[in-house]
Structure formats: structure tokens, C-alpha cells
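A.B. asks: Contents of target-v3.cif (mmCIF, C-alpha atoms and all ligand atoms):
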```cif
data_work
#
loop_
_atom_site.label_atom_id
_atom_site.label_comp_id
_atom_site.auth_asym_id
_atom_site.auth_seq_id
_atom_site.Cartn_x
_atom_site.Cartn_y
_atom_site.Cartn_z
CA MET A 1 12.64 -9.88 -7.82
CA ASN A 2 12.31 -13.56 -8.67
CA SER A 3 15.78 -14.33 -10.00
CA ASP A 4 14.38 -17.03 -12.30
CA LEU A 5 12.84 -14.25 -14.42
CA ALA A 6 16.34 -13.44 -15.64
CA LYS A 7 16.56 -16.96 -17.11
CA LEU A 8 13.68 -16.34 -19.52
CA GLN A 9 14.70 -16.01 -23.17
CA PRO A 10 13.39 -13.17 -25.32
CA TYR A 11 10.27 -14.29 -27.14
CA PRO A 12 10.89 -15.28 -30.83
CA PHE A 13 8.98 -12.20 -32.04
CA GLU A 14 11.27 -9.86 -30.10
CA LYS A 15 14.23 -11.44 -31.85
CA LEU A 16 12.43 -11.10 -35.15
CA SER A 17 11.83 -7.36 -34.65
CA ALA A 18 15.52 -6.90 -33.91
CA LEU A 19 16.43 -8.90 -37.03
CA LYS A 20 14.30 -6.66 -39.26
CA ALA A 21 15.37 -3.39 -37.64
CA GLY A 22 16.89 -0.89 -40.05
CA LEU A 23 15.68 -2.67 -43.21
CA THR A 24 13.46 -0.87 -45.70
CA PRO A 25 11.48 -3.32 -47.84
CA PRO A 26 10.12 -2.18 -51.24
CA ALA A 27 7.37 0.36 -50.62
CA GLY A 28 5.33 -0.96 -53.56
CA LEU A 29 4.78 -4.36 -51.90
CA SER A 30 2.30 -4.71 -49.06
CA HIS A 31 3.64 -6.53 -46.02
CA ILE A 32 2.81 -10.25 -45.66
CA ALA A 33 3.42 -11.96 -42.31
CA LEU A 34 3.76 -15.74 -42.38
CA SER A 35 5.61 -15.46 -39.09
CA ILE A 36 2.72 -15.51 -36.61
CA GLY A 37 0.69 -18.63 -35.85
CA GLU A 38 -2.52 -16.72 -35.28
CA PRO A 39 -5.53 -18.27 -37.08
CA ARG A 40 -7.09 -15.76 -39.47
CA HIS A 41 -10.12 -17.58 -40.85
CA PRO A 42 -13.31 -15.89 -39.62
CA THR A 43 -14.64 -16.97 -36.24
CA PRO A 44 -17.96 -18.76 -36.87
CA GLN A 45 -20.92 -16.47 -36.36
CA PHE A 46 -22.69 -18.85 -33.96
CA ILE A 47 -19.76 -18.62 -31.53
CA ALA A 48 -19.71 -14.81 -31.58
CA GLU A 49 -23.49 -14.72 -31.16
CA ALA A 50 -23.39 -17.07 -28.18
CA ALA A 51 -20.84 -14.76 -26.53
CA LEU A 52 -23.06 -11.73 -27.15
CA GLU A 53 -26.19 -13.47 -25.91
CA HIS A 54 -24.48 -14.25 -22.63
CA LEU A 55 -22.95 -10.86 -21.88
CA HIS A 56 -25.34 -10.58 -18.93
CA GLY A 57 -23.02 -13.13 -17.29
CA LEU A 58 -20.68 -10.20 -16.61
CA ALA A 59 -22.76 -9.56 -13.49
CA SER A 60 -21.41 -12.69 -11.74
CA TYR A 61 -18.04 -14.10 -10.77
CA PRO A 62 -17.39 -17.26 -12.80
CA SER A 63 -16.23 -20.42 -11.04
CA THR A 64 -12.74 -21.79 -11.67
CA ARG A 65 -14.23 -25.19 -12.45
CA GLY A 66 -16.43 -23.72 -15.18
CA SER A 67 -20.11 -24.46 -15.70
CA ALA A 68 -21.27 -28.07 -15.60
CA GLU A 69 -22.65 -27.66 -19.13
CA LEU A 70 -19.26 -26.55 -20.46
CA ARG A 71 -17.44 -29.45 -18.79
CA GLU A 72 -20.03 -31.88 -20.14
CA ALA A 73 -19.56 -30.49 -23.67
CA MET A 74 -15.77 -30.81 -23.36
CA ALA A 75 -15.92 -34.36 -21.96
CA ALA A 76 -18.35 -35.41 -24.70
CA TRP A 77 -16.07 -33.96 -27.36
CA LEU A 78 -12.99 -35.75 -25.97
CA THR A 79 -14.89 -39.03 -25.74
CA ALA A 80 -16.15 -38.88 -29.32
CA ARG A 81 -12.96 -37.51 -30.86
CA PHE A 82 -10.56 -39.95 -29.16
CA GLN A 83 -12.88 -42.98 -29.02
CA LEU A 84 -12.71 -43.15 -25.23
CA PRO A 85 -14.83 -45.70 -23.36
CA ALA A 86 -18.23 -44.18 -22.57
CA GLY A 87 -18.17 -42.37 -19.24
CA SER A 88 -14.40 -42.61 -18.81
CA ILE A 89 -13.97 -38.82 -18.65
CA ASP A 90 -15.91 -37.60 -15.63
CA PRO A 91 -16.85 -33.97 -16.32
CA ALA A 92 -16.96 -33.30 -12.59
CA ARG A 93 -13.42 -34.48 -11.81
CA GLN A 94 -11.39 -34.85 -14.98
CA VAL A 95 -11.81 -31.72 -17.06
CA LEU A 96 -11.33 -27.98 -16.47
CA PRO A 97 -11.55 -24.91 -18.70
CA VAL A 98 -8.37 -22.91 -19.34
CA ASN A 99 -8.10 -19.41 -20.82
CA GLY A 100 -6.30 -20.73 -23.88
CA THR A 101 -3.78 -23.54 -23.71
CA ARG A 102 -0.89 -21.08 -23.35
CA GLU A 103 -2.07 -20.07 -19.91
CA GLY A 104 -2.86 -23.68 -18.97
CA LEU A 105 0.45 -25.10 -20.20
CA PHE A 106 2.37 -22.49 -18.26
CA ALA A 107 0.39 -22.79 -15.05
CA PHE A 108 0.50 -26.57 -15.15
CA ALA A 109 4.25 -26.75 -14.53
CA GLN A 110 3.87 -24.39 -11.56
CA ALA A 111 1.35 -26.78 -10.05
CA VAL A 112 3.03 -30.14 -10.68
CA VAL A 113 6.78 -29.56 -10.36
CA GLU A 114 8.30 -30.27 -6.94
CA ARG A 115 11.12 -27.76 -6.34
CA SER A 116 13.70 -30.35 -5.46
CA GLY A 117 16.56 -28.57 -7.19
CA GLN A 118 16.93 -31.71 -9.28
CA ALA A 119 13.74 -31.48 -11.32
CA LEU A 120 13.92 -31.87 -15.07
CA VAL A 121 11.13 -30.79 -17.41
CA MET A 122 11.53 -32.36 -20.84
CA MET A 123 10.23 -30.83 -24.07
CA PRO A 124 10.62 -31.11 -27.82
CA ASN A 125 13.21 -28.95 -29.58
CA PRO A 126 12.17 -26.82 -31.54
CA PHE A 127 9.23 -25.98 -29.35
CA TYR A 128 6.55 -23.59 -28.20
CA GLN A 129 8.54 -21.34 -25.91
CA ILE A 130 5.98 -21.38 -23.11
CA TYR A 131 7.18 -24.90 -22.11
CA GLU A 132 10.67 -23.57 -21.43
CA GLY A 133 9.49 -20.50 -19.50
CA ALA A 134 7.10 -22.66 -17.48
CA ALA A 135 9.92 -25.03 -16.55
CA LEU A 136 12.29 -22.23 -15.56
CA LEU A 137 9.77 -20.38 -13.44
CA ALA A 138 8.80 -23.65 -11.74
CA GLY A 139 12.43 -23.96 -10.64
CA ALA A 140 13.19 -26.89 -12.98
CA GLU A 141 15.85 -27.44 -15.57
CA PRO A 142 14.55 -27.67 -19.16
CA ARG A 143 15.82 -30.66 -21.13
CA TYR A 144 15.47 -30.28 -24.89
CA LEU A 145 14.74 -33.33 -27.04
CA PRO A 146 15.76 -32.74 -30.67
CA CYS A 147 13.17 -33.25 -33.41
CA ILE A 148 15.12 -33.86 -36.59
CA PRO A 149 14.09 -35.00 -40.09
CA ASP A 150 15.83 -38.38 -39.75
CA ARG A 151 13.45 -39.26 -36.93
CA GLY A 152 10.32 -37.88 -38.58
CA TYR A 153 10.71 -34.65 -36.55
CA LEU A 154 9.79 -36.48 -33.33
CA PRO A 155 11.98 -36.76 -30.23
CA ASP A 156 14.01 -39.94 -29.85
CA PHE A 157 12.69 -40.96 -26.44
CA GLU A 158 14.78 -44.15 -26.47
CA ALA A 159 17.95 -42.03 -26.52
CA VAL A 160 17.10 -40.32 -23.21
CA PRO A 161 19.40 -41.68 -20.48
CA ALA A 162 17.70 -43.50 -17.58
CA ALA A 163 19.31 -41.01 -15.18
CA ASP A 164 17.46 -38.17 -16.93
CA TRP A 165 14.16 -40.02 -16.86
CA ALA A 166 14.73 -40.57 -13.14
CA ARG A 167 14.92 -36.76 -12.63
CA CYS A 168 12.06 -35.98 -15.02
CA GLN A 169 8.93 -34.66 -13.34
CA LEU A 170 7.08 -33.39 -16.38
CA LEU A 171 7.29 -34.16 -20.08
CA TYR A 172 5.71 -31.77 -22.59
CA VAL A 173 4.85 -33.26 -25.96
CA CYS A 174 3.22 -31.46 -28.85
CA SER A 175 1.32 -33.37 -31.54
CA PRO A 176 0.73 -32.24 -34.23
CA GLY A 177 3.94 -30.36 -33.57
CA ASN A 178 4.61 -26.67 -33.76
CA PRO A 179 6.59 -25.94 -35.94
CA THR A 180 7.17 -29.32 -37.59
CA GLY A 181 3.61 -30.60 -38.07
CA ALA A 182 4.77 -34.10 -37.06
CA VAL A 183 2.14 -36.36 -35.52
CA MET A 184 2.93 -38.87 -32.77
CA GLY A 185 1.53 -42.33 -33.35
CA LEU A 186 -0.33 -44.36 -30.74
CA ASP A 187 2.69 -46.63 -30.29
CA THR A 188 4.91 -43.73 -29.28
CA LEU A 189 2.26 -42.34 -26.97
CA THR A 190 1.73 -45.70 -25.25
CA ARG A 191 5.50 -46.08 -24.87
CA LEU A 192 5.59 -42.67 -23.15
CA ILE A 193 2.88 -43.75 -20.73
CA ASP A 194 4.98 -46.84 -19.88
CA LEU A 195 7.98 -44.58 -19.24
CA ALA A 196 5.90 -42.21 -17.12
CA GLU A 197 4.78 -45.15 -14.96
CA ARG A 198 8.25 -46.52 -14.65
CA TYR A 199 9.97 -43.22 -13.81
CA ASP A 200 7.10 -41.46 -12.08
CA PHE A 201 6.50 -38.35 -14.16
CA VAL A 202 3.51 -36.57 -15.67
CA ILE A 203 2.91 -36.17 -19.41
CA ALA A 204 1.42 -32.86 -20.58
CA ALA A 205 0.27 -33.39 -24.16
CA ASP A 206 -0.25 -30.14 -26.03
CA GLU A 207 -2.82 -31.20 -28.63
CA CYS A 208 -3.96 -27.72 -29.63
CA TYR A 209 -3.38 -28.48 -33.34
CA SER A 210 -5.16 -31.86 -33.23
CA GLU A 211 -8.09 -30.65 -35.36
CA ILE A 212 -5.98 -29.41 -38.26
CA TYR A 213 -4.79 -32.38 -40.26
CA LEU A 214 -4.23 -33.46 -43.79
CA ASP A 215 -6.04 -36.76 -44.18
CA GLU A 216 -9.71 -36.54 -43.20
CA SER A 217 -9.78 -40.29 -42.54
CA ARG A 218 -6.78 -40.21 -40.16
CA PRO A 219 -7.19 -37.70 -37.36
CA PRO A 220 -4.10 -37.46 -35.14
CA PRO A 221 -4.37 -39.77 -32.14
CA GLY A 222 -4.21 -38.33 -28.64
CA LEU A 223 -2.64 -39.21 -25.30
CA LEU A 224 -5.94 -40.13 -23.64
CA GLN A 225 -6.68 -42.47 -26.53
CA ALA A 226 -3.31 -44.16 -25.99
CA ALA A 227 -3.98 -44.47 -22.26
CA ALA A 228 -7.38 -46.04 -22.92
CA ARG A 229 -5.78 -48.48 -25.35
CA LEU A 230 -3.44 -49.58 -22.54
CA GLY A 231 -6.42 -50.07 -20.23
CA ASN A 232 -5.35 -46.98 -18.25
CA THR A 233 -8.88 -45.59 -18.27
CA ASP A 234 -8.13 -43.44 -15.19
CA PHE A 235 -5.63 -41.68 -17.48
CA ARG A 236 -3.03 -41.98 -14.71
CA ARG A 237 -0.16 -39.48 -15.27
CA CYS A 238 -1.77 -38.26 -18.51
CA ILE A 239 -3.00 -34.71 -19.07
CA VAL A 240 -4.08 -33.23 -22.41
CA PHE A 241 -4.55 -29.61 -23.49
CA HIS A 242 -6.98 -28.61 -26.26
CA SER A 243 -7.94 -25.24 -27.62
CA LEU A 244 -10.68 -23.49 -29.55
CA SER A 245 -8.11 -21.03 -30.96
CA LYS A 246 -7.07 -23.18 -33.93
CA ARG A 247 -10.02 -25.59 -34.05
CA SER A 248 -12.65 -22.84 -34.17
CA ASN A 249 -10.63 -19.80 -35.28
CA ALA A 250 -11.35 -18.11 -31.99
CA PRO A 251 -7.97 -17.10 -30.56
CA GLY A 252 -9.55 -14.03 -28.92
CA LEU A 253 -11.98 -16.19 -26.96
CA ARG A 254 -9.05 -17.56 -24.93
CA SER A 255 -10.77 -20.88 -24.49
CA GLY A 256 -9.33 -24.32 -24.06
CA LEU A 257 -9.51 -27.34 -21.85
CA VAL A 258 -7.28 -29.50 -19.72
CA ALA A 259 -8.29 -33.10 -19.02
CA GLY A 260 -7.05 -36.42 -17.72
CA ASP A 261 -5.86 -37.90 -14.40
CA ALA A 262 -8.42 -36.86 -11.73
CA ALA A 263 -5.84 -36.50 -8.93
CA ILE A 264 -3.66 -34.20 -11.03
CA ILE A 265 -6.67 -32.21 -12.24
CA GLU A 266 -7.76 -31.75 -8.62
CA ALA A 267 -4.31 -30.43 -7.62
CA PHE A 268 -4.27 -28.18 -10.68
CA PHE A 269 -7.76 -26.93 -9.78
CA ARG A 270 -6.47 -26.00 -6.32
CA TYR A 271 -3.59 -24.08 -7.91
CA ARG A 272 -5.98 -22.33 -10.28
CA THR A 273 -8.31 -21.09 -7.54
CA TYR A 274 -5.38 -19.16 -6.10
CA GLN A 275 -4.11 -18.08 -9.51
CA GLY A 276 -7.56 -16.59 -10.15
CA CYS A 277 -8.01 -17.59 -13.76
CA ALA A 278 -11.69 -18.49 -14.09
CA MET A 279 -13.03 -18.18 -17.64
CA PRO A 280 -15.47 -15.25 -18.11
CA PRO A 281 -19.10 -16.49 -18.20
CA HIS A 282 -19.84 -15.39 -21.78
CA HIS A 283 -16.67 -17.09 -23.02
CA GLN A 284 -17.77 -20.27 -21.30
CA ALA A 285 -21.19 -19.97 -22.93
CA ALA A 286 -19.69 -19.37 -26.38
CA SER A 287 -17.35 -22.35 -25.98
CA ILE A 288 -20.19 -24.84 -25.45
CA PRO A 289 -21.58 -24.75 -29.03
CA ALA A 290 -18.01 -24.60 -30.38
CA TRP A 291 -17.10 -27.94 -28.74
CA ARG A 292 -20.41 -29.44 -29.91
CA ASP A 293 -20.09 -28.65 -33.60
CA GLU A 294 -17.79 -30.37 -36.10
CA THR A 295 -19.13 -28.83 -39.33
CA HIS A 296 -17.14 -25.63 -38.94
CA VAL A 297 -14.03 -27.61 -37.99
CA ARG A 298 -14.21 -29.72 -41.16
CA ALA A 299 -14.67 -26.57 -43.26
CA ASN A 300 -11.62 -25.08 -41.54
CA ARG A 301 -9.49 -28.11 -42.44
CA ASP A 302 -10.63 -27.81 -46.07
CA LEU A 303 -9.40 -24.22 -46.16
CA TYR A 304 -5.96 -25.23 -44.88
CA ARG A 305 -5.77 -28.10 -47.38
CA SER A 306 -6.43 -25.79 -50.29
CA LYS A 307 -3.70 -23.44 -49.05
CA PHE A 308 -1.15 -26.25 -48.68
CA ASP A 309 -2.04 -27.48 -52.19
CA ALA A 310 -1.53 -24.06 -53.75
CA VAL A 311 1.61 -23.05 -51.84
CA LEU A 312 3.37 -26.41 -52.21
CA GLU A 313 2.81 -26.35 -55.96
CA ILE A 314 4.41 -22.90 -56.26
CA LEU A 315 7.37 -23.76 -54.02
CA ASP A 316 7.96 -27.15 -55.62
CA GLY A 317 11.53 -27.44 -56.85
CA VAL A 318 12.56 -24.18 -55.17
CA LEU A 319 12.53 -25.07 -51.47
CA PRO A 320 12.45 -28.56 -49.91
CA VAL A 321 8.93 -28.22 -48.51
CA GLU A 322 7.08 -31.25 -47.14
CA ARG A 323 3.35 -31.33 -46.55
CA PRO A 324 2.92 -31.74 -42.78
CA ALA A 325 0.63 -34.40 -41.30
CA GLY A 326 -0.99 -31.77 -39.09
CA GLY A 327 -0.98 -28.12 -38.05
CA PHE A 328 -0.76 -25.12 -40.36
CA TYR A 329 2.98 -24.60 -40.72
CA LEU A 330 5.59 -25.36 -43.33
CA TRP A 331 9.07 -26.03 -41.95
CA PRO A 332 11.48 -26.07 -44.90
CA ALA A 333 15.27 -26.03 -44.87
CA THR A 334 16.67 -22.74 -46.14
CA PRO A 335 19.51 -22.16 -48.55
CA GLY A 336 22.10 -20.85 -46.06
CA VAL A 337 21.60 -19.47 -42.58
CA ASP A 338 17.93 -19.15 -41.54
CA THR A 339 18.27 -15.64 -40.09
CA ASP A 340 20.04 -14.39 -43.24
CA TYR A 341 17.33 -15.93 -45.39
CA ALA A 342 14.52 -14.35 -43.32
CA ARG A 343 16.26 -10.95 -43.31
CA GLY A 344 16.94 -11.06 -47.04
CA LEU A 345 13.37 -12.10 -47.82
CA PHE A 346 11.98 -9.23 -45.76
CA ALA A 347 14.32 -6.72 -47.38
CA ALA A 348 13.58 -7.91 -50.92
CA GLN A 349 9.91 -8.91 -50.74
CA ASN A 350 8.39 -7.33 -47.62
CA LEU A 351 7.52 -10.79 -46.32
CA THR A 352 8.19 -12.00 -42.80
CA LEU A 353 8.98 -15.60 -41.83
CA LEU A 354 10.20 -16.91 -38.51
CA PRO A 355 13.79 -18.20 -38.47
CA GLY A 356 13.83 -21.76 -37.14
CA SER A 357 16.65 -21.03 -34.72
CA TYR A 358 14.35 -18.65 -32.84
CA LEU A 359 12.22 -21.67 -31.91
CA SER A 360 15.00 -24.01 -30.80
CA ARG A 361 18.04 -24.32 -28.57
CA PRO A 362 21.44 -25.68 -29.52
CA VAL A 363 22.23 -28.91 -27.70
CA ARG A 364 25.81 -30.23 -27.77
CA GLY A 365 26.60 -28.09 -30.80
CA ALA A 366 23.55 -29.14 -32.84
CA ASP A 367 20.59 -26.81 -33.29
CA PRO A 368 17.55 -28.58 -34.78
CA GLY A 369 15.92 -25.28 -35.78
CA ALA A 370 18.95 -23.78 -37.48
CA GLY A 371 18.78 -23.62 -41.27
CA ARG A 372 14.98 -23.78 -41.34
CA VAL A 373 12.12 -21.31 -41.34
CA ARG A 374 8.55 -21.54 -40.14
CA MET A 375 5.80 -20.36 -42.47
CA ALA A 376 2.30 -20.12 -41.00
CA LEU A 377 -0.37 -20.52 -43.68
CA VAL A 378 -2.94 -18.58 -41.70
CA ALA A 379 -3.69 -15.74 -44.12
CA PRO A 380 -6.45 -16.06 -46.76
CA LEU A 381 -5.64 -18.25 -49.78
CA GLU A 382 -4.83 -15.35 -52.15
CA GLU A 383 -2.37 -13.87 -49.65
CA CYS A 384 -0.69 -17.26 -49.11
CA VAL A 385 -0.40 -17.68 -52.89
CA GLU A 386 1.10 -14.20 -53.27
CA ALA A 387 3.52 -15.03 -50.44
CA ALA A 388 4.57 -18.26 -52.14
CA TRP A 389 5.34 -16.42 -55.39
CA ARG A 390 7.44 -13.87 -53.53
CA ILE A 391 9.33 -16.63 -51.66
CA ARG A 392 9.91 -18.37 -54.97
CA ALA A 393 11.22 -15.20 -56.63
CA PHE A 394 13.53 -14.43 -53.71
CA THR A 395 14.89 -17.97 -53.41
CA GLU A 396 15.55 -18.17 -57.16
CA SER A 397 17.44 -14.89 -56.96
CA LEU A 398 19.95 -16.29 -54.45
C1 LIG B 1 2.12 -25.43 -29.71
C2 LIG B 1 1.19 -24.41 -29.17
N1 LIG B 1 0.61 -24.63 -28.00
C3 LIG B 1 -0.24 -23.75 -27.45
C4 LIG B 1 -0.54 -22.56 -28.11
C5 LIG B 1 -1.45 -21.58 -27.43
O1 LIG B 1 -2.69 -21.52 -28.00
P1 LIG B 1 -3.95 -20.93 -27.21
O2 LIG B 1 -3.45 -20.32 -25.94
O3 LIG B 1 -4.53 -19.92 -28.12
O4 LIG B 1 -4.85 -22.10 -26.95
C6 LIG B 1 0.03 -22.29 -29.35
C7 LIG B 1 -0.29 -21.01 -30.04
O5 LIG B 1 0.24 -20.63 -31.02
C8 LIG B 1 0.92 -23.23 -29.90
O6 LIG B 1 1.49 -23.03 -31.08
#
```
As a first step, turn the structure in this file into C-alpha cells.
C.D. replies:
Amino acid sequence: MNSDLAKLQPYPFEKLSALKAGLTPPAGLSHIALSIGEPRHPTPQFIAEAALEHLHGLASYPSTRGSAELREAMAAWLTARFQLPAGSIDPARQVLPVNGTREGLFAFAQAVVERSGQALVMMPNPFYQIYEGAALLAGAEPRYLPCIPDRGYLPDFEAVPAADWARCQLLYVCSPGNPTGAVMGLDTLTRLIDLAERYDFVIAADECYSEIYLDESRPPPGLLQAAARLGNTDFRRCIVFHSLSKRSNAPGLRSGLVAGDAAIIEAFFRYRTYQGCAMPPHHQAASIPAWRDETHVRANRDLYRSKFDAVLEILDGVLPVERPAGGFYLWPATPGVDTDYARGLFAAQNLTLLPGSYLSRPVRGADPGAGRVRMALVAPLEECVEAAWRIRAFTESL
């Protein structure tokens, strides 16, 4: 067996099941899960219909590169959304479909990390656990960069020692962040590109929450936008990941994109032909109208805004909740230990939250996820409101 498999941590949801084992919540209350970040707004009908209309595609093998029409739709979306110079994203060389960003983010490390024994892969902490597993299975050492409230829940890149940057081969960033909702500004992103040039590493920007944000007039900036601002219109060392799961409420479609530096995309394409992860033809066909339409995405943001409004009002004064700049999570500090809080809440109110420490790693005695919980506001408004009242009642009872 590959001995690196033994280094993988249990997934947060395995830990959560163990935490809840043996508890019997009140039978009169239906279960509410705010623990899982799975979008639950309906998938737009036009996406489902496009998938159905193209089921005849099952008769052919899809290509790893994806159809030209799909890559054109993805490049056009990136160009419009991130104000890139016209023609700067070449659909033939700089964009590929992925079967959801999870698969792409994992595979990417396998393709880019050189197994030198010295390789570092840096990532935010707390984080989406795929980054860590990808680093470990690529033979690299994960290096966790704490995201704490004092620094706006963003990593302090200036605190990273030069010796660590020198060993860094890949940096994962996530903006808007899961679980914090923090958005990286263009200045930080351009600084990272400078560092990547200086120390010769690749930036993998997980931007899968980029279309869920608070202020309609201020969409979160992206890494390609920062590169273009620097005049790096080849997007050297820059790779972004986007998804239709959150943007279009289509997590079952398993559809996303990876785009940026043509040389890196070409190497990743080579890796992917061997991996055998071409997107099924009808999923490609359904993704094209999804990337081309913004009306459903704006409506989706409105739904999240109304849920944040309602839930924050109910929790006001009970828990220190802050409205995030992006994403669909709340990330409040808990009274006491996060796992005790989550366990107690489940036992008393039949409501599941994810303890923050299941999403983070302690570094030099400090754990940036400890004493926090993640609440995903993915359920319909009424269910989120009911959840907020139960959280309020439980917290007031402590
Ligand atoms: C930060 C982050 N990245 C990537 C993903 C994967 O999304 P998908 O594979 O559906 O595109 C998720 C899903 O929850 C996530 O939270």
C-alpha cells in the first residue's frame, strides 16, 4: 500500500459522527443540519433540461480537454467576471473542465509537486481538507497558515520565513474562504504573485465561492484579475478553480473549471489524460448555459442575503456572529469548547453544526479553529430561521 495513505486525517464528517454517537436528541424536533456545505437551493431548470437534452452524448467518449464550446463559455465568463483584457484567456490552451473543484484541487498537487523530499505545500488554516490530503499524497509537507480574527481571517503571508517560501512549491488560497468567508483583496493577491515569482512556486486559488457575496457592487476579486493588473497577462504561476456547485446550485453536476498559466495547464492536461477524468458529455452541455447566465446567480445571492439577514438578527447578542464578505457560512466563536458546544446543541436541539477544530490543525499550540463552529446557511430560509431560534435557545440555556 502507499504508506502516505496512513497520513490522511479522518474527514471532518467522520469526526462529527463519532462526536454525536450515543446521543439521543429530542424526538419531537426534526433534525436540522447546518454542518454540510452542500447548496440546497433548486438547480435551475434550464441546466437540468440541457443535461437531459444531451443524454445521447452517452454514446461517445468525452475528451479530457472538453468541448470547444464549453471552454469558450468558461473563458468568456472569466474574462467578463474578472475584467481580463479581451482575448487574454485562450480557450484552447488556458482552460480545462474539472469534475468539480474538489477533484481538480486534489489532482493539481499530484501534477505540479516535484517529489524532492523537501517540498512544502502551503494552505490556509482552517481549510478545506482536500488541500492537506492532496499535499500528503503528492509527497509534500503541508504548511498551515493561520487565519485569525486579528488579521481579518486571512493568512499573514509576511510572517512566512524566507526559508519556507524557498521550499514552497504550491500555495493554496481560498477566497472567499471556507469556513471564514474572508475575501482577499487585490493587493494581497498581487503580493502573492510577486512572492511566487521570487520563490518559484505555483498559486492555486480556490475561488469556488466567488459568486456568493454580500455586496452586489463589490464582487470578490480573483487571482487572474490581480495578475492582469500586474501586467502578467500570461497568468504566469497563477491557476484558478471555479465551480458550478455553489454558483448554480448544481453540486451533482460535478462541474468546474481550472484556468491560468498555459504551461501549467498543459502539464495538468497531460496528467488528466492518464487520470481519466473527462467530464461526461451531457454534463459539459449542461455547463455551457450555466456559465453563460448571470440571472440565476444573482437570484441565488439574494436568497443567501435574506438568510443572513434573518439569522443574524435572531443570533444578535447571543453569539458573536459577523456577516461574512462572501460564501454561505457563519463562523462564530462558541461559549466554551467547540466540540462540547456542538455536542450539547445536538443533544438539546437536534441540530448539527461543525466544530471549528475539525477544520483546522494546531500549530505551535494555537488552533485557529478551536472555540468556533461553522454554520452553513444552505437550507431554505424557514429552516435556517428555525435553526437560529434553536441555537439561540440552547446558547441562552448555558
Ligand atoms: C473551499 C472549497 N473548495 C472546493 C469545494 C468543492 O466543490 P466542488 O467540488 O463541488 O466544486 C468545496 C465544497 O464544499 C469547498 O468548500
A.B. asks: Determine the nearest neighbour of ligand LIG 1 (chain B) from the options A:His41, A:Arg301, A:Arg254, A:Arg198, counting only C-alpha atoms and all ligand atoms.
C.D. replies: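 Under the stated criterion, the closest residue is A:Arg254.
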A.B. asks: To one decimal in Å, tell me the separation between atom CA of Gly344 of chain A and atom CA of Ala370 of chain A.
C.D. replies: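 A separation of 16.0 Å between them.
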A.B. asks: A:Ala134, A:Ala51, A:Ile89, A:Ala162: which is nearest Ala250 of chain A, counting all atoms listed in the file?
C.D. replies: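 Result for the nearest residue to Ala250 of chain A: A:Ala51.
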A.B. asks: Kindly indicate which residue among A:Asp293, A:Glu383, A:Asp316, A:Glu38 lies nearest to ligand LIG 1 (chain B), using all atoms listed in the file for the distances.
C.D. replies: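 The closest residue to ligand LIG 1 (chain B) is A:Glu38.
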A.B. asks: Just checking: using only C-alpha atoms and all ligand atoms, which residue out of A:Pro149, A:Gly133, A:Pro179, A:Gly336 ends up closest to ligand LIG 1 (chain B)?
C.D. replies: A:Pro179
A.B. asks: If I take atom CA of Ala347 of chain A and atom CA of Ser17 of chain A, how far is one from the other in Å, to one decimal?
C.D. replies: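 According to the coordinates, atom CA of Ala347 of chain A and atom CA of Ser17 of chain A are separated by 13.0 Å.
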A.B. asks: Point out the residue among A:Leu192, A:Leu354, A:Val95, A:Ala299 with the least atom-to-atom distance to Arg71 of chain A, counting only C-alpha atoms.
C.D. replies: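 Among the listed residues, A:Val95 lies closest to Arg71 of chain A.
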A.B. asks: What box, with edges along x, y and z, holds each listed atom of segment 232-251 of chain A when 6 Å is added on every side, and can you state its centre and edge lengths in Å to one decimal, as lines of an AutoDock Vina configuration file?
C.D. replies:
```
center_x = -6.4
center_y = -32.0
center_z = -25.0
size_x = 24.5
size_y = 41.9
size_z = 32.6
```
A.B. asks: Quick one: everything within 9 Å of Ile36 of chain A, counting only C-alpha atoms, minus sequence neighbours fewer than 3 positions away in the same chain. Send it as a PyMOL selection string.
C.D. replies: chain A and resi 13+33+39+352-354+375-376+378
A.B. asks: Write out as a list in words the residues lying within 9 Å of Cys238 of chain A, counting only C-alpha atoms and excluding same-chain residues fewer than 2 positions away.
C.D. replies: Ile193, Ala196, Val202, Ile203, Ala204, Ala205, Leu223, Leu224, Ala227, Asp234, Phe235, Arg236, Val240, Ala259, Gly260, Asp261 and Ile264 of chain A
A.B. asks: Once you count all atoms listed in the file, which residues end up within 9 Å of ligand LIG 1 (chain B), and could you hand them over as a ChimeraX atom specification?
C.D. replies: /A:36-39,98-105,127-131,174-179,206-209,241-246,250-257,327
A.B. asks: How many Å lie between atom CA of Thr180 of chain A and atom CA of Arg323 of chain A, rounded to one decimal?
C.D. replies: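 Going from atom CA of Thr180 of chain A over to atom CA of Arg323 of chain A, I get 9.9 Å.
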A.B. asks: Neighbours of His282 of chain A within 10 Å (only C-alpha atoms; same-chain residues fewer than 5 positions away dropped), as a PyMOL selection string?
C.D. replies: chain A and resi 48+50-58+62+253+287
A.B. asks: Which is closest to Phe201 of chain A among A:Asn232, A:Val183, A:Asp164, A:Ala226, if we use only C-alpha atoms?
C.D. replies: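 Of A:Asn232, A:Val183, A:Asp164, A:Ala226, the one nearest Phe201 of chain A, counting only C-alpha atoms, is A:Asp164.
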A.B. asks: Using all atoms listed in the file, determine which residues lie at most 12 Å from Gln118 of chain A, disregarding the query and same-chain residues fewer than 5 positions distant; provide the list as a PDB file with C-alpha atoms, in the frame of the given file.
C.D. replies:
```pdb
ATOM      1  CA  VAL A 113       6.780 -29.560 -10.360  1.00  0.00           C
ATOM      2  CA  ALA A 138       8.800 -23.650 -11.740  1.00  0.00           C
ATOM      3  CA  GLY A 139      12.430 -23.960 -10.640  1.00  0.00           C
ATOM      4  CA  ALA A 140      13.190 -26.890 -12.980  1.00  0.00           C
ATOM      5  CA  GLU A 141      15.850 -27.440 -15.570  1.00  0.00           C
ATOM      6  CA  PRO A 142      14.550 -27.670 -19.160  1.00  0.00           C
ATOM      7  CA  ARG A 143      15.820 -30.660 -21.130  1.00  0.00           C
ATOM      8  CA  ALA A 163      19.310 -41.010 -15.180  1.00  0.00           C
ATOM      9  CA  ASP A 164      17.460 -38.170 -16.930  1.00  0.00           C
ATOM     10  CA  TRP A 165      14.160 -40.020 -16.860  1.00  0.00           C
ATOM     11  CA  ALA A 166      14.730 -40.570 -13.140  1.00  0.00           C
ATOM     12  CA  ARG A 167      14.920 -36.760 -12.630  1.00  0.00           C
ATOM     13  CA  CYS A 168      12.060 -35.980 -15.020  1.00  0.00           C
ATOM     14  CA  GLN A 169       8.930 -34.660 -13.340  1.00  0.00           C
TER      15      GLN A 169
END
```
